[in-house]
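J.: To start, I am sharing the structure in question, which I have written as structure tokens.
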Amino acid sequence: AGIKYLLNNCEAYPVLDKISKEVRPLKASDIAILCRLNNQCTETANSLEQLGIRASVPRTGLLKQAEAVLSIAALRCMIDPGDKLAKAEVVHLTTHESGTPEWFKTAVNQSAKILDTYPVIQELTENRGKMIQISPVEAVNLAIQVAKVDQQALKWGKPDRRLANLDALRGFAASYEDHCQASKTAGTPSGLIQYLNHMAKKKKDLQASGADEKSVQVLTYHRAKGLEWPVVILTE
């Protein structure tokens, strides 16, 4: 009720715009609600939406998004040249908008050599030698670059969200490197794939929040670290 009051009386709550450096009325995106746990964020966002207030909350399922599927498939191609399914996903997603259908996977398994004729597969194969020289973060960036994932994302609609998801994927790669450093283990591109699968299995593969001016931000204390908003509400 308090948030709804703020938004209904936004002219009474002026804020300094970070970009223009000019004073303007309060917007929904100027408000952040911080929770301890991810499930509390989801519950809070649902409650806001029941009141007619749009909420931006990190959601799981990053690895199911086409831009992440393509990036990881491209990375797998560079790690293992015999990964036929990864090649099938790359070929399909560079020419279609959705996931790889079962009929395509079956056809590929029956005639796998045809995949090697595609330029994108050939370029990924040529870059395979770099896998032993670069970090996991660099490997993800290389996969995105070679498969032109950012360009594909612009064709699939909701480009801002998809490009933000690519940044989220890079963030997970950086977290994996931090984890390896803390545990004094070697971080590798193949190890990153296992790490990402583990995060997805635990439903911790959070997508980018997809914030916009008309949405209140709902996130955990941890994810809010280093960020600022004109209005911050603590749930506990």
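Numbering starts fresh at 1 for the residues of each chain in the structure tokens, the chains themselves are lettered A, B, ... in the order given, and ligands are numbered from 1 as they appear.
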From the DSSP assignment of the backbone, select every residue of range 51-220 of chain A that is strand (DSSP E or B), and format the answer as JSON, numbers by chain.
T.: {"A": [55, 56, 216, 217, 218, 219, 220]}
J.: Taking C-alpha atoms for each residue, export the selection above as a compact mmCIF listing (two decimals), in the first residue's frame.
T.:
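The resulting selection03.txt:
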# COMPACT_ATOMS: atom_id res chain seq x y z
CA ALA A 55 7.89 -5.84 -10.33
CA SER A 56 11.28 -6.80 -11.72
CA VAL A 216 9.83 -1.79 -8.90
CA GLN A 217 13.10 -3.65 -8.30
CA VAL A 218 12.91 -6.70 -6.04
CA LEU A 219 16.16 -8.47 -5.20
CA THR A 220 18.21 -10.00 -2.42
J.: Residues near Ala173 in chain A, anyone? I mean within 7 Å using only C-alpha atoms, not counting same-chain ones fewer than 4 positions away, as a list in words.
T.: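 Here the qualifying residues turn out to be Pro136, Val137, Leu169, Glu177 and Leu192 of chain A.
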J.: Just want the 7 Å neighbourhood of range 151-154 of chain A, counted on only C-alpha atoms, with same-chain residues fewer than 5 positions away dropped. Output as a list in words.
T.: Glu67, Thr94, Pro159, Arg162 and Leu163 of chain A
J.: Which residue is closest to Leu6 in chain A? Choose from A:Arg128, A:Lys27, A:Lys155, A:Lys148 and count only C-alpha atoms.
T.: A:Lys27
J.: Just the residues within 12 Å of Glu123 in chain A, please, counting only C-alpha atoms, with nothing from its chain fewer than 2 positions along; format it as a list in words.
T.: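 What passes the distance filter is Ala74, Leu75, Cys77, Met78, Pro81, Lys87, Val90, Asp116, Thr117, Tyr118, Pro119, Val120, Ile121, Thr125, Glu126, Asn127, Arg128, Gly129, Leu142, Ala143, Gln145, Val146, Ala147 and Lys148 of chain A.
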J.: Among range 76-236 of chain A, which ones does DSSP assign to alpha helix (DSSP H) (computed from the backbone)? Answer as a PyMOL selection string.
T.: chain A and resi 76-79+84-93+102-110+119-126+136-146+149-155+159-183+189-201
J.: How would the residues just chosen look if you wrote them out with C-alpha atoms as a tab-separated table (two decimals), in the first residue's frame?
T.:
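What ended up in again18.tsv:
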chain	number	residue	atom	x	y	z
A	76	ARG	CA	30.98	-27.17	-25.91
A	77	CYS	CA	31.89	-27.34	-29.60
A	78	MET	CA	35.26	-25.77	-28.85
A	79	ILE	CA	35.82	-28.09	-25.89
A	84	LYS	CA	27.27	-33.73	-32.08
A	85	LEU	CA	24.37	-32.38	-30.03
A	86	ALA	CA	26.24	-29.15	-29.33
A	87	LYS	CA	26.91	-28.74	-33.05
A	88	ALA	CA	23.24	-29.40	-33.80
A	89	GLU	CA	22.17	-26.74	-31.32
A	90	VAL	CA	24.59	-24.19	-32.79
A	91	VAL	CA	23.50	-24.86	-36.36
A	92	HIS	CA	19.82	-24.77	-35.49
A	93	LEU	CA	19.93	-21.69	-33.27
A	102	GLU	CA	14.00	-33.72	-31.50
A	103	TRP	CA	13.66	-34.51	-35.21
A	104	PHE	CA	16.70	-32.35	-35.94
A	105	LYS	CA	18.76	-34.07	-33.27
A	106	THR	CA	17.84	-37.46	-34.72
A	107	ALA	CA	18.72	-36.40	-38.24
A	108	VAL	CA	22.06	-35.06	-37.06
A	109	ASN	CA	22.94	-38.30	-35.29
A	110	GLN	CA	22.31	-40.15	-38.52
A	119	PRO	CA	30.96	-22.01	-41.43
A	120	VAL	CA	30.10	-21.38	-37.77
A	121	ILE	CA	31.11	-24.94	-36.83
A	122	GLN	CA	34.32	-24.63	-38.82
A	123	GLU	CA	35.20	-21.37	-37.07
A	124	LEU	CA	34.50	-22.87	-33.64
A	125	THR	CA	36.73	-25.83	-34.53
A	126	GLU	CA	39.52	-23.47	-35.59
A	136	PRO	CA	36.64	-19.67	-18.39
A	137	VAL	CA	35.42	-16.07	-18.68
A	138	GLU	CA	37.50	-15.57	-21.81
A	139	ALA	CA	36.18	-18.87	-23.18
A	140	VAL	CA	32.57	-17.73	-22.74
A	141	ASN	CA	33.35	-14.43	-24.44
A	142	LEU	CA	35.04	-16.25	-27.30
A	143	ALA	CA	32.06	-18.58	-27.74
A	144	ILE	CA	29.67	-15.62	-27.82
A	145	GLN	CA	31.90	-13.80	-30.30
A	146	VAL	CA	32.48	-16.69	-32.71
A	149	VAL	CA	25.26	-14.76	-30.19
A	150	ASP	CA	24.70	-11.05	-29.57
A	151	GLN	CA	23.68	-10.57	-33.21
A	152	GLN	CA	21.32	-13.53	-33.00
A	153	ALA	CA	19.81	-12.10	-29.82
A	154	LEU	CA	18.83	-8.94	-31.67
A	155	LYS	CA	16.78	-11.04	-34.12
A	159	PRO	CA	17.06	-7.75	-27.22
A	160	ASP	CA	17.67	-5.83	-23.98
A	161	ARG	CA	16.68	-8.82	-21.89
A	162	ARG	CA	18.69	-11.26	-24.01
A	163	LEU	CA	21.83	-9.14	-24.00
A	164	ALA	CA	21.46	-8.72	-20.24
A	165	ASN	CA	21.22	-12.51	-19.96
A	166	LEU	CA	24.53	-12.82	-21.79
A	167	ASP	CA	26.03	-10.52	-19.17
A	168	ALA	CA	24.48	-12.75	-16.50
A	169	LEU	CA	26.15	-15.77	-18.13
A	170	ARG	CA	29.48	-13.95	-18.05
A	171	GLY	CA	28.80	-13.22	-14.40
A	172	PHE	CA	28.37	-16.91	-13.65
A	173	ALA	CA	31.67	-17.62	-15.40
A	174	ALA	CA	33.34	-15.02	-13.18
A	175	SER	CA	31.71	-16.57	-10.08
A	176	TYR	CA	33.06	-19.95	-11.15
A	177	GLU	CA	36.56	-18.51	-11.39
A	178	ASP	CA	36.17	-16.98	-7.91
A	179	HIS	CA	35.00	-20.35	-6.59
A	180	CYS	CA	38.02	-22.10	-8.09
A	181	GLN	CA	40.38	-19.52	-6.67
A	182	ALA	CA	38.85	-19.83	-3.20
A	183	SER	CA	39.05	-23.64	-3.31
A	189	PRO	CA	36.01	-24.29	-19.65
A	190	SER	CA	34.78	-27.87	-19.16
A	191	GLY	CA	34.62	-27.29	-15.42
A	192	LEU	CA	32.52	-24.20	-16.12
A	193	ILE	CA	30.00	-26.31	-18.04
A	194	GLN	CA	29.66	-28.61	-15.02
A	195	TYR	CA	29.32	-25.61	-12.71
A	196	LEU	CA	26.55	-24.11	-14.84
A	197	ASN	CA	24.67	-27.41	-14.97
A	198	HIS	CA	24.95	-27.65	-11.18
A	199	MET	CA	23.55	-24.14	-10.77
A	200	ALA	CA	20.65	-24.97	-13.08
A	201	LYS	CA	19.92	-28.20	-11.21
